[in-house]
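A.B. asks: Just passing along the structure, written as structure tokens.
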Amino acid sequence: MLEYDVVIAGGSIAGLITAREVARHGLNVLVLEEDSEIGTPEHCGGIVSLKALLELGVVPDGMIMYEIRGARIYSPSMKSIDIPAKNVVAIDRRRLDKHIAKQAIINGAEIEVRTSMQDYQVLDEYVKIKTNKSDINSKILVDARGCKVIMQDNAKGSIPSAQYEVVSKSLDSSIEVYFNNIKYPSFFAWIIPNGNYVARVGVAGKNINSANTLLEFLNAHYDKYSITKQIYAPIWINGASKGFVKGRVVRVGDAAGQTKPTTAGGIYSCGIAGIFAGNAIASAINHNNLTLLHKYEESWLGKFGKEFETMLLARRVFERLDNKAIDDIFNTLDDSTIKEISTTDFDFHSNALIRMIKVSKALSIAKSILGNEVRRLFG
Ligand SMILES: Cc1cc2nc3c(=O)[nH]c(=O)nc-3n(C[C@H](O)[C@H](O)[C@H](O)COP(=O)(O)OP(=O)(O)OC[C@H]3O[C@@H](n4cnc5c(N)ncnc54)[C@H](O)[C@@H]3O)c2cc1C
């Protein structure tokens, strides 16, 4: 029987950062990763701000694939607006995960690939974890197994997505985002350039057949292209779960719904969860006091709670807009509003959304849906 202070199920951004932080405090930590390689299969667009990477303790040497200068956003009737961006990059997510794994190992963590947590049982003094290889006892279990964990609580909060790596001579150099609430209900289609004629092209939407929708999108956009990689993954857009800590079990990352309800971006908010969780776990073990685990929840909600709440409200409005109302938002945006939007923090963009809704007819829709809540949002 193996014994650890902390066992982490899931060796991706949230689990690995948690491991790095726990190990930094000199505790025994083991990460279980069911796949055969850290960072693989990659299921991410890799868009992240440089500021976020630094806050996560990552110097992104050798992992930046493309520097993003801006995004071209299309309305359903193909009116476009350009929003400049600064210090935002497309990174090689595999390299990022491997880099953090190395940081964790250097700090003293152990990582086992091809090892999946199959079950666990919470007992008074420890958690008994069953893997495909052995049984392990651990004081704390961190569940970082991704979106499927929170989907067990509420499958309706996720939507299907497909993202392909595409090679074509006719790729553009800025990010492109396409809104159309008929084709991509509640979400959008995207093109993320990676340089050298390569891009990650994806779609997500409520109740869509993501493979067919993406193929349709690609055929409408490119005369000639080749697909060199395909991924299909659910994305969580319903905000953070009600609690992150239950006794000796701590959820981090997608498993706790910590992806932005607007774009489903999670590198930053899930990574920060790993930092907060790792430090709270170390403190709880060192002081033999499980209530200290809740410091993690408090810290994460203190940083992201309000932002996620606003994003969720904006999402509720967006889901009620038809294509005509989305077009109206685009038609109403003037240069000064676009300038204002482009200067908002990439990682905390809910104010930009409010600004966009505020200037358009969508505001009256927002008012009718949100009632009193709208006053707090839109003044
Ligand atoms: C198509 C797509 C594009 C995205 N693009 C972006 C983007 O551009 N920018 C951004 O910030 N975010 C993006 N995201 C979101 C981001 O990828 C996630 O929020 C982030 O990866 C969550 O990290 P995580 O560690 O919580 O979970 P995950 O990355 O999902 O990792 C979970 C890990 O647990 C492992 N695992 C599962 N079950 C077990 C088990 N039983 N035992 C052991 N291990 C197990 C898995 O193999 C996996 O390694 C995107 C997501 C998708 C789907």
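All residue names refer to the structure tokens as shown: chains lettered A, B, ... in order, residues numbered from 1 in each chain, ligands numbered from 1 in order.
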Please return, as JSON, numbers by chain, all residues of region 146-296 of chain A that DSSP assigns to helix (DSSP H, G or I) on the basis of the backbone.

C.D. replies: {"A": [147, 148, 149, 150, 151, 152, 153, 155, 156, 157, 210, 211, 212, 213, 214, 215, 216, 217, 218, 219, 220, 221, 253, 254, 255, 256, 267, 268, 269, 270, 271, 272, 273, 274, 275, 276, 277, 278, 279, 280, 281, 282, 283, 284, 285, 286, 290, 291, 292, 293, 294, 295, 296]}

A.B. asks: Could you take the residues named above and write them with N, CA and C atoms, as a short mmCIF file (atom, residue, chain, number, x, y, z; two decimals), in the first residue's frame?

C.D. replies:
```
data_model
loop_
_atom_site.label_atom_id
_atom_site.label_comp_id
_atom_site.auth_asym_id
_atom_site.auth_seq_id
_atom_site.Cartn_x
_atom_site.Cartn_y
_atom_site.Cartn_z
N CYS A 147 -13.30 18.31 -17.33
CA CYS A 147 -14.72 18.63 -17.50
C CYS A 147 -15.68 17.49 -17.15
N LYS A 148 -15.25 16.25 -17.38
CA LYS A 148 -16.18 15.12 -17.16
C LYS A 148 -16.64 15.04 -15.70
N VAL A 149 -15.82 15.58 -14.79
CA VAL A 149 -16.17 15.50 -13.36
C VAL A 149 -17.39 16.38 -13.08
N ILE A 150 -17.33 17.63 -13.53
CA ILE A 150 -18.46 18.53 -13.27
C ILE A 150 -19.68 18.14 -14.11
N MET A 151 -19.44 17.51 -15.26
CA MET A 151 -20.57 17.06 -16.08
C MET A 151 -21.38 15.97 -15.38
N GLN A 152 -20.72 15.27 -14.44
CA GLN A 152 -21.48 14.26 -13.68
C GLN A 152 -22.50 14.93 -12.77
N ASP A 153 -22.20 16.20 -12.35
CA ASP A 153 -23.16 16.95 -11.52
C ASP A 153 -24.28 17.51 -12.39
N ALA A 155 -24.86 17.71 -16.62
CA ALA A 155 -24.39 17.53 -18.00
C ALA A 155 -24.81 18.70 -18.88
N LYS A 156 -25.85 19.44 -18.45
CA LYS A 156 -26.39 20.50 -19.31
C LYS A 156 -25.50 21.74 -19.38
N GLY A 157 -24.54 21.85 -18.47
CA GLY A 157 -23.68 23.04 -18.47
C GLY A 157 -22.56 22.98 -19.49
N SER A 210 -20.83 18.72 -33.81
CA SER A 210 -19.66 19.59 -33.97
C SER A 210 -18.81 19.19 -35.18
N ALA A 211 -18.73 17.90 -35.47
CA ALA A 211 -17.91 17.47 -36.62
C ALA A 211 -18.50 17.99 -37.93
N ASN A 212 -19.81 17.82 -38.11
CA ASN A 212 -20.45 18.29 -39.35
C ASN A 212 -20.39 19.80 -39.46
N THR A 213 -20.63 20.48 -38.33
CA THR A 213 -20.64 21.95 -38.35
C THR A 213 -19.25 22.48 -38.70
N LEU A 214 -18.22 21.84 -38.16
CA LEU A 214 -16.86 22.31 -38.45
C LEU A 214 -16.49 22.06 -39.91
N LEU A 215 -16.91 20.93 -40.42
CA LEU A 215 -16.61 20.62 -41.84
C LEU A 215 -17.27 21.64 -42.75
N GLU A 216 -18.51 21.96 -42.42
CA GLU A 216 -19.26 22.97 -43.20
C GLU A 216 -18.52 24.32 -43.16
N PHE A 217 -18.05 24.68 -41.96
CA PHE A 217 -17.33 25.94 -41.78
C PHE A 217 -16.05 25.94 -42.62
N LEU A 218 -15.30 24.85 -42.56
CA LEU A 218 -14.03 24.78 -43.29
C LEU A 218 -14.27 24.86 -44.80
N ASN A 219 -15.29 24.13 -45.27
CA ASN A 219 -15.55 24.13 -46.71
C ASN A 219 -15.99 25.50 -47.20
N ALA A 220 -16.68 26.25 -46.31
CA ALA A 220 -17.12 27.60 -46.71
C ALA A 220 -15.94 28.58 -46.70
N HIS A 221 -14.88 28.26 -45.95
CA HIS A 221 -13.80 29.23 -45.79
C HIS A 221 -12.59 29.01 -46.69
N GLY A 253 -9.66 23.18 -11.39
CA GLY A 253 -9.69 23.28 -12.84
C GLY A 253 -11.06 23.03 -13.43
N ASP A 254 -11.06 22.47 -14.64
CA ASP A 254 -12.34 22.17 -15.31
C ASP A 254 -13.23 21.31 -14.42
N ALA A 255 -12.63 20.46 -13.61
CA ALA A 255 -13.42 19.59 -12.72
C ALA A 255 -14.29 20.41 -11.77
N ALA A 256 -13.86 21.66 -11.50
CA ALA A 256 -14.63 22.54 -10.62
C ALA A 256 -15.33 23.64 -11.42
N ILE A 267 -6.91 28.25 -19.10
CA ILE A 267 -5.50 28.11 -18.70
C ILE A 267 -5.24 28.97 -17.46
N TYR A 268 -5.68 30.21 -17.51
CA TYR A 268 -5.39 31.14 -16.42
C TYR A 268 -6.17 30.81 -15.15
N SER A 269 -7.50 30.76 -15.28
CA SER A 269 -8.33 30.60 -14.07
C SER A 269 -8.15 29.21 -13.44
N CYS A 270 -7.91 28.18 -14.26
CA CYS A 270 -7.67 26.83 -13.70
C CYS A 270 -6.27 26.76 -13.10
N GLY A 271 -5.31 27.42 -13.75
CA GLY A 271 -3.94 27.42 -13.24
C GLY A 271 -3.85 28.15 -11.91
N ILE A 272 -4.52 29.28 -11.81
CA ILE A 272 -4.51 30.03 -10.54
C ILE A 272 -5.18 29.18 -9.44
N ALA A 273 -6.22 28.44 -9.83
CA ALA A 273 -6.85 27.54 -8.85
C ALA A 273 -5.82 26.56 -8.30
N GLY A 274 -4.94 26.07 -9.18
CA GLY A 274 -3.89 25.15 -8.74
C GLY A 274 -2.98 25.80 -7.72
N ILE A 275 -2.64 27.07 -7.94
CA ILE A 275 -1.77 27.78 -6.98
C ILE A 275 -2.47 27.91 -5.63
N PHE A 276 -3.73 28.39 -5.67
CA PHE A 276 -4.47 28.59 -4.41
C PHE A 276 -4.69 27.24 -3.69
N ALA A 277 -5.07 26.23 -4.48
CA ALA A 277 -5.36 24.92 -3.88
C ALA A 277 -4.09 24.33 -3.26
N GLY A 278 -3.00 24.38 -4.01
CA GLY A 278 -1.74 23.80 -3.52
C GLY A 278 -1.32 24.41 -2.20
N ASN A 279 -1.44 25.72 -2.10
CA ASN A 279 -1.01 26.39 -0.86
C ASN A 279 -1.96 26.09 0.30
N ALA A 280 -3.25 26.04 0.01
CA ALA A 280 -4.22 25.74 1.09
C ALA A 280 -4.05 24.30 1.56
N ILE A 281 -3.78 23.39 0.63
CA ILE A 281 -3.60 21.97 1.00
C ILE A 281 -2.36 21.83 1.90
N ALA A 282 -1.28 22.49 1.51
CA ALA A 282 -0.05 22.40 2.32
C ALA A 282 -0.33 22.92 3.73
N SER A 283 -1.04 24.03 3.80
CA SER A 283 -1.33 24.62 5.10
C SER A 283 -2.22 23.68 5.92
N ALA A 284 -3.23 23.08 5.28
CA ALA A 284 -4.15 22.17 6.01
C ALA A 284 -3.39 20.96 6.54
N ILE A 285 -2.47 20.42 5.73
CA ILE A 285 -1.72 19.23 6.18
C ILE A 285 -0.73 19.63 7.28
N ASN A 286 -0.02 20.71 7.08
CA ASN A 286 0.99 21.11 8.08
C ASN A 286 0.37 21.46 9.42
N LEU A 290 -8.30 20.46 8.44
CA LEU A 290 -8.91 20.40 7.11
C LEU A 290 -9.70 21.66 6.75
N THR A 291 -10.14 22.42 7.77
CA THR A 291 -10.94 23.61 7.45
C THR A 291 -10.10 24.64 6.68
N LEU A 292 -8.76 24.53 6.82
CA LEU A 292 -7.90 25.48 6.09
C LEU A 292 -7.97 25.29 4.57
N LEU A 293 -8.52 24.14 4.15
CA LEU A 293 -8.68 23.91 2.69
C LEU A 293 -9.60 24.96 2.07
N HIS A 294 -10.52 25.46 2.88
CA HIS A 294 -11.51 26.41 2.34
C HIS A 294 -10.89 27.75 1.96
N LYS A 295 -9.68 28.00 2.42
CA LYS A 295 -8.96 29.22 2.04
C LYS A 295 -8.80 29.26 0.51
N TYR A 296 -8.62 28.07 -0.08
CA TYR A 296 -8.50 27.95 -1.54
C TYR A 296 -9.77 28.51 -2.22
#
```

A.B. asks: Find the residues near Glu3 (chain A): any atom within 10 Å, counting only C-alpha atoms, skip ones fewer than 4 places away on the same chain, and give them as a count of residues only.

C.D. replies: 11

A.B. asks: Hey, which residues sit close to ligand 1? Say within 7 Å, counting only C-alpha atoms and all ligand atoms, and write them as an NGL selection string.

C.D. replies: :A and (9-15 or 32-35 or 38-39 or 43-48 or 115-118 or 144-147 or 161-163 or 202 or 232-235 or 252-255 or 259 or 264-268 or 270)

A.B. asks: Need the shell around region 94-96 of chain A: protein/DNA/RNA residues with any atom at most 6 Å away, counting only C-alpha atoms. Skip same-chain ones fewer than 2 positions apart. Format as a list in words?

C.D. replies: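 Everything that qualifies: Gly39, Met63, Asp92, Lys98 and His99 of chain A.
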
A.B. asks: List every residue of region 159-194 of chain A that DSSP, applied to the backbone of this structure, places in strand (DSSP E or B), and write the result as a PyMOL selection string.

C.D. replies: chain A and resi 159-167+175-178+189-194

A.B. asks: Which residues, written as number ranges by chain, have at least one atom at most 7 Å from region 166-176 of chain A, with only C-alpha atoms counted and residues fewer than 2 positions away on the same chain left out?

C.D. replies: A: 68-73, 164, 178, 190-193, 197-201, 222, 224-228

A.B. asks: Can you work out which one of A:Val245, A:Ala85, A:Ile354, A:Leu301 has the shortest atom-to-atom distance to Gln258 (chain A), counting only C-alpha atoms?

C.D. replies: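 Using only C-alpha atoms, the shortest distance to Gln258 (chain A) belongs to A:Leu301.
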
A.B. asks: Which polymer residues have any atom within 12 Å of an atom of Thr263 (chain A), counting only C-alpha atoms, with same-chain residues fewer than 6 positions away left out, as a PyMOL selection string?

C.D. replies: chain A and resi 44-45+47-48+159+177+186-190+203-205+235-239+308+311-312+314-315+346-350+353

A.B. asks: Next, write the just-selected residues to a file, as a short mmCIF file (atom, residue, chain, number, x, y, z; two decimals), in the first residue's frame, keeping C-alpha atoms as the atom set.

C.D. replies:
```cif
data_model
loop_
_atom_site.label_atom_id
_atom_site.label_comp_id
_atom_site.auth_asym_id
_atom_site.auth_seq_id
_atom_site.Cartn_x
_atom_site.Cartn_y
_atom_site.Cartn_z
CA CYS A 44 -6.89 23.54 -26.25
CA GLY A 45 -6.59 26.54 -28.55
CA ILE A 47 -4.68 31.38 -26.32
CA VAL A 48 -3.37 33.03 -23.19
CA ILE A 159 -21.53 22.03 -25.01
CA VAL A 177 -14.33 34.69 -34.40
CA SER A 186 -24.59 29.97 -27.45
CA PHE A 187 -21.02 30.01 -28.73
CA PHE A 188 -19.02 30.72 -31.89
CA ALA A 189 -16.59 29.42 -34.50
CA TRP A 190 -12.92 30.37 -34.30
CA VAL A 203 -16.69 25.33 -33.47
CA ALA A 204 -18.83 24.81 -30.40
CA GLY A 205 -22.52 25.24 -29.81
CA ILE A 235 -16.48 22.60 -22.98
CA TRP A 236 -17.95 23.88 -19.76
CA ILE A 237 -19.73 27.25 -19.91
CA ASN A 238 -21.86 27.21 -16.79
CA GLY A 239 -19.56 28.80 -14.23
CA PHE A 308 -17.57 34.85 -13.58
CA MET A 311 -19.89 36.64 -17.56
CA LEU A 312 -22.72 34.24 -16.74
CA ALA A 314 -23.84 38.27 -20.15
CA ARG A 315 -24.11 34.69 -21.41
CA PHE A 346 -7.81 40.09 -21.74
CA ASP A 347 -8.20 37.96 -18.61
CA PHE A 348 -11.04 39.99 -17.11
CA HIS A 349 -13.18 40.99 -20.07
CA SER A 350 -16.68 41.13 -18.58
CA LEU A 353 -19.15 42.64 -22.80
#
```

A.B. asks: Can you work out which one of A:Thr344, A:Gly257, A:Ile182, A:Lys130 has the shortest atom-to-atom distance to Leu2 (chain A), counting only C-alpha atoms?

C.D. replies: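 The answer is A:Lys130, which sits nearest to Leu2 (chain A).
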
A.B. asks: Suppose you want the space between CA of Leu313 (chain A) and CA of Asn87 (chain A); what is it in Å?

C.D. replies: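 Answer for the CA of Leu313 (chain A) to CA of Asn87 (chain A) separation: 27.4 Å.
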
A.B. asks: To one decimal in Å, tell me the separation between CA of Ile111 (chain A) and CA of Leu16 (chain A).

C.D. replies: 9.0 Å

A.B. asks: Using only C-alpha atoms, find the one residue out of A:Asn154, A:Thr18, A:Asn181, A:Gln121 that sits nearest to Asn323 (chain A).

C.D. replies: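 With only C-alpha atoms as the atom set, the closest residue is A:Asn181.
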
A.B. asks: Record the distance separating CA of Asn107 (chain A) and CA of Gly57 (chain A), expressed in Å with one decimal.

C.D. replies: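 About the pair CA of Asn107 (chain A) and CA of Gly57 (chain A): they are 13.2 Å apart.
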
A.B. asks: Using only C-alpha atoms, find the one residue out of A:Asp82, A:Asp345, A:Lys303, A:Ser75 that sits nearest to Asp328 (chain A).

C.D. replies: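 Nearest candidate to Asp328 (chain A) out of A:Asp82, A:Asp345, A:Lys303, A:Ser75: A:Ser75.
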
A.B. asks: Which of these residues is nearest to Glu67 (chain A), using only C-alpha atoms: A:Lys86, A:Arg251, A:Lys260, A:Lys133?

C.D. replies: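 Ranking A:Lys86, A:Arg251, A:Lys260, A:Lys133 by distance to Glu67 (chain A), first place goes to A:Lys86.
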